[in-house]
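Trainee: Dropping in upload-v2.cif, which is mmCIF, N, CA and C atoms:
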data_model
#
loop_
_atom_site.label_atom_id
_atom_site.label_comp_id
_atom_site.auth_asym_id
_atom_site.auth_seq_id
_atom_site.Cartn_x
_atom_site.Cartn_y
_atom_site.Cartn_z
N VAL A 4 77.45 93.35 101.45
CA VAL A 4 77.43 94.09 102.70
C VAL A 4 78.53 95.15 102.67
N GLN A 5 78.24 96.34 103.18
CA GLN A 5 79.22 97.42 103.24
C GLN A 5 79.67 97.59 104.69
N LEU A 6 80.96 97.80 104.87
CA LEU A 6 81.54 97.89 106.20
C LEU A 6 82.19 99.25 106.40
N THR A 7 81.96 99.87 107.55
CA THR A 7 82.54 101.17 107.86
C THR A 7 83.12 101.12 109.26
N GLU A 8 84.43 101.36 109.36
CA GLU A 8 85.10 101.37 110.66
C GLU A 8 85.09 102.76 111.27
N SER A 9 85.17 102.80 112.58
CA SER A 9 85.32 104.04 113.32
C SER A 9 85.99 103.72 114.64
N GLY A 10 86.45 104.76 115.33
CA GLY A 10 86.97 104.55 116.67
C GLY A 10 88.45 104.31 116.76
N GLY A 11 89.18 104.48 115.65
CA GLY A 11 90.63 104.43 115.74
C GLY A 11 91.14 105.70 116.39
N GLY A 12 92.47 105.81 116.55
CA GLY A 12 93.02 107.01 117.13
C GLY A 12 94.39 106.80 117.70
N LEU A 13 94.80 107.74 118.55
CA LEU A 13 96.13 107.72 119.18
C LEU A 13 95.98 107.31 120.64
N VAL A 14 96.81 106.39 121.08
CA VAL A 14 96.77 105.92 122.46
C VAL A 14 98.19 105.67 122.93
N GLN A 15 98.42 105.84 124.21
CA GLN A 15 99.75 105.57 124.76
C GLN A 15 99.94 104.07 124.98
N ALA A 16 101.17 103.64 124.97
CA ALA A 16 101.48 102.24 125.26
C ALA A 16 100.89 101.84 126.61
N GLY A 17 100.28 100.67 126.63
CA GLY A 17 99.61 100.19 127.84
C GLY A 17 98.14 100.56 127.89
N GLY A 18 97.71 101.44 127.00
CA GLY A 18 96.34 101.91 127.00
C GLY A 18 95.40 100.99 126.23
N SER A 19 94.15 101.47 126.07
CA SER A 19 93.10 100.68 125.42
C SER A 19 92.40 101.50 124.36
N LEU A 20 91.81 100.79 123.41
CA LEU A 20 91.05 101.41 122.34
C LEU A 20 90.05 100.37 121.84
N ARG A 21 88.92 100.83 121.33
CA ARG A 21 87.91 99.89 120.84
C ARG A 21 87.31 100.38 119.53
N PRO A 22 87.96 100.11 118.41
CA PRO A 22 87.36 100.46 117.13
C PRO A 22 86.13 99.60 116.86
N SER A 23 85.19 100.19 116.09
CA SER A 23 83.95 99.52 115.75
C SER A 23 83.78 99.43 114.25
N CYS A 24 82.91 98.52 113.84
CA CYS A 24 82.61 98.31 112.43
C CYS A 24 81.10 98.23 112.28
N ALA A 25 80.54 99.10 111.43
CA ALA A 25 79.11 99.08 111.17
C ALA A 25 78.86 98.47 109.80
N ALA A 26 77.93 97.52 109.75
CA ALA A 26 77.60 96.82 108.51
C ALA A 26 76.24 97.27 108.00
N THR A 27 76.17 97.52 106.70
CA THR A 27 74.90 97.89 106.07
C THR A 27 74.73 97.10 104.78
N GLY A 28 73.52 97.01 104.32
CA GLY A 28 73.24 96.42 103.02
C GLY A 28 72.60 95.05 103.08
N ARG A 29 73.06 94.19 103.96
CA ARG A 29 72.49 92.86 104.11
C ARG A 29 72.53 92.46 105.57
N ALA A 30 71.82 91.39 105.89
CA ALA A 30 71.77 90.94 107.27
C ALA A 30 73.14 90.48 107.73
N PHE A 31 73.72 91.23 108.65
CA PHE A 31 75.07 90.95 109.13
C PHE A 31 75.14 89.65 109.90
N SER A 32 74.01 89.19 110.41
CA SER A 32 74.00 88.00 111.26
C SER A 32 74.45 86.75 110.53
N GLY A 33 74.40 86.76 109.20
CA GLY A 33 74.81 85.58 108.45
C GLY A 33 76.28 85.57 108.07
N TYR A 34 77.02 86.57 108.49
CA TYR A 34 78.42 86.72 108.12
C TYR A 34 79.35 86.51 109.30
N ALA A 35 80.44 85.80 109.04
CA ALA A 35 81.55 85.86 109.98
C ALA A 35 82.20 87.23 109.85
N ALA A 36 82.78 87.72 110.92
CA ALA A 36 83.41 89.05 110.90
C ALA A 36 84.81 88.96 111.48
N GLY A 37 85.64 89.91 111.10
CA GLY A 37 87.01 89.88 111.62
C GLY A 37 87.72 91.19 111.43
N TRP A 38 88.97 91.19 111.86
CA TRP A 38 89.83 92.36 111.73
C TRP A 38 91.21 91.93 111.22
N PHE A 39 91.72 92.70 110.29
CA PHE A 39 93.10 92.60 109.83
C PHE A 39 93.76 93.96 110.09
N ARG A 40 95.07 93.97 110.02
CA ARG A 40 95.79 95.24 110.14
C ARG A 40 96.99 95.26 109.20
N GLN A 41 97.40 96.47 108.86
CA GLN A 41 98.56 96.64 107.99
C GLN A 41 99.37 97.83 108.45
N ALA A 42 100.61 97.57 108.79
CA ALA A 42 101.55 98.63 109.18
C ALA A 42 102.35 99.04 107.95
N PRO A 43 102.90 100.25 107.94
CA PRO A 43 103.68 100.71 106.79
C PRO A 43 104.83 99.77 106.47
N GLY A 44 104.92 99.39 105.19
CA GLY A 44 106.00 98.53 104.75
C GLY A 44 105.83 97.06 105.10
N ARG A 45 104.66 96.71 105.64
CA ARG A 45 104.44 95.32 106.03
C ARG A 45 103.20 94.78 105.33
N GLU A 46 103.11 93.46 105.29
CA GLU A 46 101.94 92.83 104.69
C GLU A 46 100.74 92.91 105.63
N ARG A 47 99.57 92.81 105.03
CA ARG A 47 98.36 92.79 105.82
C ARG A 47 98.33 91.50 106.65
N GLU A 48 97.99 91.63 107.94
CA GLU A 48 98.01 90.45 108.80
C GLU A 48 96.70 90.30 109.56
N PHE A 49 96.37 89.06 109.81
CA PHE A 49 95.17 88.70 110.56
C PHE A 49 95.31 89.13 112.01
N VAL A 50 94.19 89.62 112.57
CA VAL A 50 94.17 90.00 113.98
C VAL A 50 93.19 89.10 114.76
N ALA A 51 91.93 89.08 114.31
CA ALA A 51 90.92 88.31 115.04
C ALA A 51 89.73 88.08 114.14
N ALA A 52 88.95 87.04 114.45
CA ALA A 52 87.71 86.76 113.73
C ALA A 52 86.71 86.13 114.67
N ILE A 53 85.43 86.33 114.35
CA ILE A 53 84.35 85.77 115.16
C ILE A 53 83.32 85.16 114.21
N SER A 54 82.77 84.03 114.61
CA SER A 54 81.82 83.34 113.75
C SER A 54 80.51 84.11 113.62
N SER A 55 79.69 83.72 112.66
CA SER A 55 78.41 84.39 112.43
C SER A 55 77.50 84.29 113.65
N THR A 56 77.62 83.20 114.39
CA THR A 56 76.79 83.01 115.58
C THR A 56 77.42 83.62 116.83
N GLY A 57 78.67 84.04 116.72
CA GLY A 57 79.36 84.60 117.88
C GLY A 57 79.85 83.55 118.86
N THR A 58 79.77 82.29 118.49
CA THR A 58 80.09 81.22 119.43
C THR A 58 81.56 80.85 119.45
N ASN A 59 82.30 81.19 118.40
CA ASN A 59 83.74 80.94 118.48
C ASN A 59 84.52 82.06 117.81
N ALA A 60 85.74 82.23 118.28
CA ALA A 60 86.60 83.30 117.81
C ALA A 60 88.04 82.81 117.74
N TYR A 61 88.80 83.44 116.86
CA TYR A 61 90.23 83.14 116.74
C TYR A 61 91.02 84.44 116.81
N TYR A 62 92.25 84.33 117.32
CA TYR A 62 93.11 85.48 117.48
C TYR A 62 94.51 85.15 116.99
N ALA A 63 95.18 86.17 116.45
CA ALA A 63 96.60 86.04 116.16
C ALA A 63 97.35 85.90 117.47
N ASP A 64 98.43 85.14 117.44
CA ASP A 64 99.22 84.95 118.67
C ASP A 64 99.69 86.28 119.24
N SER A 65 99.96 87.24 118.37
CA SER A 65 100.51 88.53 118.81
C SER A 65 99.52 89.35 119.63
N VAL A 66 98.22 89.03 119.55
CA VAL A 66 97.22 89.82 120.28
C VAL A 66 96.44 88.99 121.29
N LYS A 67 96.67 87.68 121.30
CA LYS A 67 95.93 86.80 122.19
C LYS A 67 96.13 87.22 123.63
N GLY A 68 95.04 87.32 124.37
CA GLY A 68 95.09 87.75 125.76
C GLY A 68 95.03 89.25 125.94
N ARG A 69 95.20 90.01 124.85
CA ARG A 69 95.14 91.48 124.94
C ARG A 69 93.94 92.05 124.20
N PHE A 70 93.53 91.39 123.12
CA PHE A 70 92.43 91.87 122.29
C PHE A 70 91.26 90.90 122.41
N THR A 71 90.03 91.45 122.30
CA THR A 71 88.82 90.63 122.28
C THR A 71 87.90 91.16 121.20
N ILE A 72 87.39 90.25 120.38
CA ILE A 72 86.46 90.64 119.32
C ILE A 72 85.03 90.39 119.79
N PHE A 73 84.16 91.34 119.45
CA PHE A 73 82.74 91.26 119.80
C PHE A 73 81.91 91.47 118.55
N ARG A 74 80.67 91.00 118.62
CA ARG A 74 79.71 91.33 117.58
C ARG A 74 78.34 91.50 118.21
N ASP A 75 77.54 92.36 117.58
CA ASP A 75 76.16 92.56 117.99
C ASP A 75 75.34 92.48 116.71
N SER A 76 74.81 91.31 116.42
CA SER A 76 74.11 91.12 115.16
C SER A 76 72.81 91.91 115.10
N ALA A 77 72.21 92.17 116.24
CA ALA A 77 70.99 92.98 116.25
C ALA A 77 71.28 94.42 115.82
N GLU A 78 72.47 94.90 116.17
CA GLU A 78 72.87 96.26 115.81
C GLU A 78 73.72 96.30 114.55
N ASN A 79 74.01 95.12 113.98
CA ASN A 79 74.84 95.02 112.78
C ASN A 79 76.21 95.65 112.99
N THR A 80 76.84 95.34 114.10
CA THR A 80 78.16 95.88 114.39
C THR A 80 79.11 94.80 114.87
N ALA A 81 80.37 95.09 114.71
CA ALA A 81 81.44 94.29 115.30
C ALA A 81 82.45 95.26 115.90
N SER A 82 83.17 94.84 116.91
CA SER A 82 84.16 95.73 117.52
C SER A 82 85.35 94.92 118.01
N LEU A 83 86.43 95.63 118.26
CA LEU A 83 87.67 94.99 118.70
C LEU A 83 88.17 95.73 119.93
N GLN A 84 88.01 95.13 121.08
CA GLN A 84 88.53 95.71 122.32
C GLN A 84 90.01 95.41 122.41
N MET A 85 90.83 96.47 122.37
CA MET A 85 92.29 96.32 122.39
C MET A 85 92.81 96.85 123.72
N GLY A 86 93.59 96.05 124.42
CA GLY A 86 94.15 96.45 125.69
C GLY A 86 95.64 96.16 125.75
N SER A 87 96.29 96.69 126.78
CA SER A 87 97.75 96.53 126.95
C SER A 87 98.47 96.77 125.63
N MET A 88 98.13 97.87 125.01
CA MET A 88 98.60 98.11 123.65
C MET A 88 100.08 98.43 123.61
N LYS A 89 100.67 98.06 122.48
CA LYS A 89 102.11 98.23 122.27
C LYS A 89 102.34 99.05 121.01
N PRO A 90 103.50 99.70 120.92
CA PRO A 90 103.79 100.46 119.69
C PRO A 90 103.70 99.60 118.43
N GLU A 91 104.01 98.33 118.54
CA GLU A 91 103.94 97.46 117.35
C GLU A 91 102.50 97.14 116.94
N ASP A 92 101.51 97.58 117.71
CA ASP A 92 100.11 97.46 117.30
C ASP A 92 99.71 98.59 116.34
N THR A 93 100.59 99.56 116.14
CA THR A 93 100.30 100.66 115.24
C THR A 93 100.10 100.15 113.82
N ALA A 94 98.95 100.50 113.23
CA ALA A 94 98.61 100.02 111.89
C ALA A 94 97.27 100.61 111.48
N VAL A 95 96.92 100.41 110.22
CA VAL A 95 95.55 100.64 109.77
C VAL A 95 94.79 99.34 110.01
N TYR A 96 93.68 99.44 110.70
CA TYR A 96 92.87 98.27 111.03
C TYR A 96 91.65 98.20 110.11
N TYR A 97 91.47 97.02 109.53
CA TYR A 97 90.39 96.81 108.57
C TYR A 97 89.38 95.81 109.12
N CYS A 98 88.13 96.16 109.01
CA CYS A 98 87.04 95.23 109.33
C CYS A 98 86.74 94.38 108.09
N VAL A 99 86.48 93.11 108.29
CA VAL A 99 86.18 92.20 107.18
C VAL A 99 84.95 91.37 107.52
N ALA A 100 84.33 90.83 106.46
CA ALA A 100 83.18 89.95 106.65
C ALA A 100 83.13 88.94 105.50
N GLU A 101 82.59 87.80 105.81
CA GLU A 101 82.43 86.77 104.79
C GLU A 101 81.26 85.87 105.15
N GLU A 102 80.54 85.44 104.14
CA GLU A 102 79.38 84.57 104.34
C GLU A 102 79.79 83.14 104.01
N TRP A 103 80.32 82.44 105.02
CA TRP A 103 80.71 81.06 104.83
C TRP A 103 79.52 80.13 105.06
N GLU A 104 79.58 78.95 104.47
CA GLU A 104 78.49 77.99 104.63
C GLU A 104 78.39 77.50 106.07
N SER A 105 79.54 77.26 106.69
CA SER A 105 79.54 76.74 108.04
C SER A 105 79.37 77.88 109.04
N PRO A 106 78.59 77.66 110.10
CA PRO A 106 78.45 78.69 111.14
C PRO A 106 79.66 78.79 112.06
N THR A 107 80.62 77.87 111.91
CA THR A 107 81.83 77.95 112.72
C THR A 107 83.02 78.32 111.85
N LEU A 108 84.05 78.82 112.48
CA LEU A 108 85.24 79.25 111.76
C LEU A 108 86.15 78.07 111.48
N ASP A 109 86.78 78.10 110.32
CA ASP A 109 87.75 77.08 109.95
C ASP A 109 89.14 77.62 110.24
N PRO A 110 89.85 77.03 111.19
CA PRO A 110 91.17 77.57 111.57
C PRO A 110 92.18 77.53 110.44
N ASP A 111 91.95 76.72 109.41
CA ASP A 111 92.89 76.66 108.29
C ASP A 111 92.75 77.84 107.35
N TYR A 112 91.62 78.55 107.42
CA TYR A 112 91.36 79.61 106.45
C TYR A 112 91.07 80.97 107.09
N VAL A 113 90.75 81.00 108.35
CA VAL A 113 90.26 82.22 108.98
C VAL A 113 91.29 83.35 108.94
N HIS A 114 92.58 83.02 108.85
CA HIS A 114 93.62 84.03 108.91
C HIS A 114 94.04 84.52 107.52
N LEU A 115 93.41 84.03 106.46
CA LEU A 115 93.81 84.37 105.09
C LEU A 115 93.00 85.55 104.55
N PRO A 116 93.65 86.65 104.14
CA PRO A 116 92.91 87.78 103.58
C PRO A 116 92.07 87.40 102.36
N SER A 117 92.55 86.43 101.57
CA SER A 117 91.85 86.04 100.35
C SER A 117 90.51 85.37 100.63
N GLU A 118 90.25 84.97 101.86
CA GLU A 118 89.00 84.29 102.20
C GLU A 118 87.86 85.26 102.49
N TYR A 119 88.15 86.56 102.49
CA TYR A 119 87.14 87.57 102.83
C TYR A 119 86.85 88.44 101.62
N ASP A 120 85.59 88.51 101.24
CA ASP A 120 85.19 89.32 100.09
C ASP A 120 84.85 90.76 100.46
N PHE A 121 84.54 91.01 101.72
CA PHE A 121 84.04 92.33 102.12
C PHE A 121 85.01 92.98 103.09
N TRP A 122 85.42 94.22 102.75
CA TRP A 122 86.42 94.95 103.52
C TRP A 122 85.94 96.38 103.76
N GLY A 123 86.25 96.90 104.93
CA GLY A 123 86.03 98.31 105.18
C GLY A 123 87.19 99.13 104.64
N GLN A 124 87.11 100.46 104.82
CA GLN A 124 88.13 101.35 104.28
C GLN A 124 89.32 101.47 105.22
N GLY A 125 89.18 101.03 106.46
CA GLY A 125 90.28 101.06 107.42
C GLY A 125 90.21 102.24 108.37
N THR A 126 90.76 102.04 109.56
CA THR A 126 90.87 103.11 110.54
C THR A 126 92.26 103.05 111.16
N GLN A 127 92.89 104.22 111.29
CA GLN A 127 94.27 104.28 111.78
C GLN A 127 94.31 104.15 113.31
N VAL A 128 95.17 103.28 113.77
CA VAL A 128 95.45 103.14 115.21
C VAL A 128 96.94 103.38 115.41
N THR A 129 97.26 104.32 116.28
CA THR A 129 98.66 104.66 116.56
C THR A 129 98.91 104.54 118.06
N VAL A 130 99.94 103.79 118.43
CA VAL A 130 100.30 103.59 119.82
C VAL A 130 101.65 104.26 120.05
N SER A 131 101.67 105.24 120.92
CA SER A 131 102.92 105.95 121.20
C SER A 131 103.64 105.31 122.38
N SER A 132 104.97 105.36 122.33
CA SER A 132 105.78 104.74 123.39
C SER A 132 106.05 105.72 124.52
#
Step by step, read the file and then write its structure as structure tokens.

Mentor:
Amino acid sequence: VQLTESGGGLVQAGGSLRPSCAATGRAFSGYAAGWFRQAPGREREFVAAISSTGTNAYYADSVKGRFTIFRDSAENTASLQMGSMKPEDTAVYYCVAEEWESPTLDPDYVHLPSEYDFWGQGTQVTVSS
């Protein structure tokens, strides 16, 4: 499956943004989807993930209550609604996907970059103070 992000940009602190991810090549409905981010000089970190069925989701503590992950398997898309944004949310955001056997997410592995075989090219999100 190929992933393409869009919808990044510049936003003021406290504002909102909703980047999207379009999947092509295979049926997206069979894949768990998620988002990672990487700021300059920092390691890539988990942001959020949603199961293939859309029935469960996990979030990094740093974004819990501010970000919500969505998916539309009929449209082969996933998106990340980001609110109450902070300057420390500034990063390149990557869409990811993986075809796990279980339809639910495993909390022991969902946050690990190595567990995802499919990555988008990234979209820049900048939050000004």

Trainee: Using the chain letters and numbers from the file, give me the residues hit by the PyMOL selection byres (((chain A and resi 81 and name CA) around 12) and name CA), as a PyMOL selection string.

Mentor: chain A and resi 6-10+21-27+31-32+34-38+51-55+57+71-80+82-84+97-100+123

Trainee: Give me, please, the distance in Å between atom N of A:Ala30 and atom CA of A:Asp109, quoted to one decimal.

Mentor: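 These two atoms are separated by 21.8 Å.
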
Trainee: Going by DSSP on the backbone, which bits of chain A are strand (DSSP E or B)? Write them as a ChimeraX atom specification, please.

Mentor: /A:5-9,12-15,20,23-27,35-41,48-53,60-62,70-75,80-85,94-101,121-122,126-131

Trainee: Can you tell me how far atom CA of A:Lys89 sits from atom CA of A:Ala16, in Å to one decimal?

Mentor: 5.0 Å

Trainee: To one decimal place, how far is atom CA of A:Gly12 from atom CA of A:Ser65 in Å?

Mentor: 20.0 Å

Trainee: Point out the residue among A:Gly86, A:Pro110, A:Glu104, A:Tyr119 with the least atom-to-atom distance to A:Gly17, counting only N, CA and C atoms.

Mentor: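 Comparing A:Gly86, A:Pro110, A:Glu104, A:Tyr119 against A:Gly17, the winner is A:Gly86.
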
Trainee: Just the residues within 10 Å of A:Asp120, please, counting only C-alpha atoms, with nothing from its chain fewer than 3 positions along; format it as a list of chain:residue names.

Mentor: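 These residues fall inside the cut-off: A:Val4, A:Val99, A:Ala100, A:Glu101, A:Glu102, A:Pro116, A:Ser117.
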
Trainee: Which residue, A:Val128, A:Val50, A:Ala60, A:Val66, has the smallest gap to A:Ala94 when you use all atoms listed in the file?

Mentor: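 Nearest candidate to A:Ala94 out of A:Val128, A:Val50, A:Ala60, A:Val66: A:Val128.
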
Trainee: Nearest residue to A:Gly68 out of A:Thr93, A:Ser87, A:Ser19, A:Thr56, using only C-alpha atoms?

Mentor: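 Among A:Thr93, A:Ser87, A:Ser19, A:Thr56, it is A:Ser87 that comes nearest to A:Gly68.
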
Trainee: I need the output of the PyMOL selection byres (((chain A and resi 48 and name CA) around 10) and name CA) for this file as a ChimeraX atom specification; which residues are they?

Mentor: /A:38-42,45-47,49-51,63,96-97,114-116

Trainee: Could you write out the selected residues, including N, CA and C atoms, as a CSV table (one decimal), keeping the file's coordinate frame?

Mentor:
chain,number,residue,atom,x,y,z
A,38,TRP,N,89.0,91.2,111.9
A,38,TRP,CA,89.8,92.4,111.7
A,38,TRP,C,91.2,91.9,111.2
A,39,PHE,N,91.7,92.7,110.3
A,39,PHE,CA,93.1,92.6,109.8
A,39,PHE,C,93.8,94.0,110.1
A,40,ARG,N,95.1,94.0,110.0
A,40,ARG,CA,95.8,95.2,110.1
A,40,ARG,C,97.0,95.3,109.2
A,41,GLN,N,97.4,96.5,108.9
A,41,GLN,CA,98.6,96.6,108.0
A,41,GLN,C,99.4,97.8,108.4
A,42,ALA,N,100.6,97.6,108.8
A,42,ALA,CA,101.6,98.6,109.2
A,42,ALA,C,102.4,99.0,108.0
A,45,ARG,N,104.7,96.7,105.6
A,45,ARG,CA,104.4,95.3,106.0
A,45,ARG,C,103.2,94.8,105.3
A,46,GLU,N,103.1,93.5,105.3
A,46,GLU,CA,101.9,92.8,104.7
A,46,GLU,C,100.7,92.9,105.6
A,47,ARG,N,99.6,92.8,105.0
A,47,ARG,CA,98.4,92.8,105.8
A,47,ARG,C,98.3,91.5,106.6
A,49,PHE,N,96.4,89.1,109.8
A,49,PHE,CA,95.2,88.7,110.6
A,49,PHE,C,95.3,89.1,112.0
A,50,VAL,N,94.2,89.6,112.6
A,50,VAL,CA,94.2,90.0,114.0
A,50,VAL,C,93.2,89.1,114.8
A,51,ALA,N,91.9,89.1,114.3
A,51,ALA,CA,90.9,88.3,115.0
A,51,ALA,C,89.7,88.1,114.1
A,63,ALA,N,95.2,86.2,116.4
A,63,ALA,CA,96.6,86.0,116.2
A,63,ALA,C,97.4,85.9,117.5
A,96,TYR,N,93.7,99.4,110.7
A,96,TYR,CA,92.9,98.3,111.0
A,96,TYR,C,91.6,98.2,110.1
A,97,TYR,N,91.5,97.0,109.5
A,97,TYR,CA,90.4,96.8,108.6
A,97,TYR,C,89.4,95.8,109.1
A,114,HIS,N,92.6,83.0,108.8
A,114,HIS,CA,93.6,84.0,108.9
A,114,HIS,C,94.0,84.5,107.5
A,115,LEU,N,93.4,84.0,106.5
A,115,LEU,CA,93.8,84.4,105.1
A,115,LEU,C,93.0,85.6,104.6
A,116,PRO,N,93.6,86.6,104.1
A,116,PRO,CA,92.9,87.8,103.6
A,116,PRO,C,92.1,87.4,102.4

Trainee: Dump as number ranges by chain all residues having an atom at most 6.5 Å from (96.7, 107.7, 116.7), computed in the file's coordinates with all atoms listed in the file.

Mentor: A: 11-14, 127-130

Trainee: Starting from the incomplete input, reconstruct N, CA, C and O atoms of stretch 56-73 of chain A and report them as a PDB file, in the coordinates of the input.

Mentor:
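What landed in selection_23.pdb:
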ATOM      1  N   THR A  56      77.620  83.200 114.390  1.00  0.00           N
ATOM      2  CA  THR A  56      76.790  83.010 115.580  1.00  0.00           C
ATOM      3  C   THR A  56      77.420  83.620 116.830  1.00  0.00           C
ATOM      4  O   THR A  56      76.764  83.689 117.866  1.00  0.00           O
ATOM      5  N   GLY A  57      78.670  84.040 116.720  1.00  0.00           N
ATOM      6  CA  GLY A  57      79.360  84.600 117.880  1.00  0.00           C
ATOM      7  C   GLY A  57      79.850  83.550 118.860  1.00  0.00           C
ATOM      8  O   GLY A  57      80.318  83.904 119.946  1.00  0.00           O
ATOM      9  N   THR A  58      79.770  82.290 118.490  1.00  0.00           N
ATOM     10  CA  THR A  58      80.090  81.220 119.430  1.00  0.00           C
ATOM     11  C   THR A  58      81.560  80.850 119.450  1.00  0.00           C
ATOM     12  O   THR A  58      82.014  80.219 120.407  1.00  0.00           O
ATOM     13  N   ASN A  59      82.300  81.190 118.400  1.00  0.00           N
ATOM     14  CA  ASN A  59      83.740  80.940 118.480  1.00  0.00           C
ATOM     15  C   ASN A  59      84.520  82.060 117.810  1.00  0.00           C
ATOM     16  O   ASN A  59      84.008  82.762 116.930  1.00  0.00           O
ATOM     17  N   ALA A  60      85.740  82.230 118.280  1.00  0.00           N
ATOM     18  CA  ALA A  60      86.600  83.300 117.810  1.00  0.00           C
ATOM     19  C   ALA A  60      88.040  82.810 117.740  1.00  0.00           C
ATOM     20  O   ALA A  60      88.430  81.876 118.458  1.00  0.00           O
ATOM     21  N   TYR A  61      88.800  83.440 116.860  1.00  0.00           N
ATOM     22  CA  TYR A  61      90.230  83.140 116.740  1.00  0.00           C
ATOM     23  C   TYR A  61      91.020  84.440 116.810  1.00  0.00           C
ATOM     24  O   TYR A  61      90.529  85.493 116.407  1.00  0.00           O
ATOM     25  N   TYR A  62      92.250  84.330 117.320  1.00  0.00           N
ATOM     26  CA  TYR A  62      93.110  85.480 117.480  1.00  0.00           C
ATOM     27  C   TYR A  62      94.510  85.150 116.990  1.00  0.00           C
ATOM     28  O   TYR A  62      94.981  84.024 117.113  1.00  0.00           O
ATOM     29  N   ALA A  63      95.180  86.170 116.450  1.00  0.00           N
ATOM     30  CA  ALA A  63      96.600  86.040 116.160  1.00  0.00           C
ATOM     31  C   ALA A  63      97.350  85.900 117.470  1.00  0.00           C
ATOM     32  O   ALA A  63      96.954  86.477 118.493  1.00  0.00           O
ATOM     33  N   ASP A  64      98.430  85.140 117.440  1.00  0.00           N
ATOM     34  CA  ASP A  64      99.220  84.950 118.670  1.00  0.00           C
ATOM     35  C   ASP A  64      99.690  86.280 119.240  1.00  0.00           C
ATOM     36  O   ASP A  64      99.806  86.438 120.458  1.00  0.00           O
ATOM     37  N   SER A  65      99.960  87.240 118.370  1.00  0.00           N
ATOM     38  CA  SER A  65     100.510  88.530 118.810  1.00  0.00           C
ATOM     39  C   SER A  65      99.520  89.350 119.630  1.00  0.00           C
ATOM     40  O   SER A  65      99.930  90.276 120.340  1.00  0.00           O
ATOM     41  N   VAL A  66      98.220  89.030 119.550  1.00  0.00           N
ATOM     42  CA  VAL A  66      97.220  89.820 120.280  1.00  0.00           C
ATOM     43  C   VAL A  66      96.440  88.990 121.290  1.00  0.00           C
ATOM     44  O   VAL A  66      95.641  89.539 122.047  1.00  0.00           O
ATOM     45  N   LYS A  67      96.670  87.680 121.300  1.00  0.00           N
ATOM     46  CA  LYS A  67      95.930  86.800 122.190  1.00  0.00           C
ATOM     47  C   LYS A  67      96.130  87.220 123.630  1.00  0.00           C
ATOM     48  O   LYS A  67      97.261  87.453 124.079  1.00  0.00           O
ATOM     49  N   GLY A  68      95.040  87.320 124.370  1.00  0.00           N
ATOM     50  CA  GLY A  68      95.090  87.750 125.760  1.00  0.00           C
ATOM     51  C   GLY A  68      95.030  89.250 125.940  1.00  0.00           C
ATOM     52  O   GLY A  68      94.825  89.737 127.057  1.00  0.00           O
ATOM     53  N   ARG A  69      95.200  90.010 124.850  1.00  0.00           N
ATOM     54  CA  ARG A  69      95.140  91.480 124.940  1.00  0.00           C
ATOM     55  C   ARG A  69      93.940  92.050 124.200  1.00  0.00           C
ATOM     56  O   ARG A  69      93.406  93.085 124.597  1.00  0.00           O
ATOM     57  N   PHE A  70      93.530  91.390 123.120  1.00  0.00           N
ATOM     58  CA  PHE A  70      92.430  91.870 122.290  1.00  0.00           C
ATOM     59  C   PHE A  70      91.260  90.900 122.410  1.00  0.00           C
ATOM     60  O   PHE A  70      91.435  89.684 122.555  1.00  0.00           O
ATOM     61  N   THR A  71      90.030  91.450 122.300  1.00  0.00           N
ATOM     62  CA  THR A  71      88.820  90.630 122.280  1.00  0.00           C
ATOM     63  C   THR A  71      87.900  91.160 121.200  1.00  0.00           C
ATOM     64  O   THR A  71      87.660  92.368 121.123  1.00  0.00           O
ATOM     65  N   ILE A  72      87.390  90.250 120.380  1.00  0.00           N
ATOM     66  CA  ILE A  72      86.460  90.640 119.320  1.00  0.00           C
ATOM     67  C   ILE A  72      85.030  90.390 119.790  1.00  0.00           C
ATOM     68  O   ILE A  72      84.744  89.393 120.457  1.00  0.00           O
ATOM     69  N   PHE A  73      84.160  91.340 119.450  1.00  0.00           N
ATOM     70  CA  PHE A  73      82.740  91.260 119.800  1.00  0.00           C
ATOM     71  C   PHE A  73      81.910  91.470 118.550  1.00  0.00           C
ATOM     72  O   PHE A  73      82.358  92.072 117.577  1.00  0.00           O
TER      73      PHE A  73
END
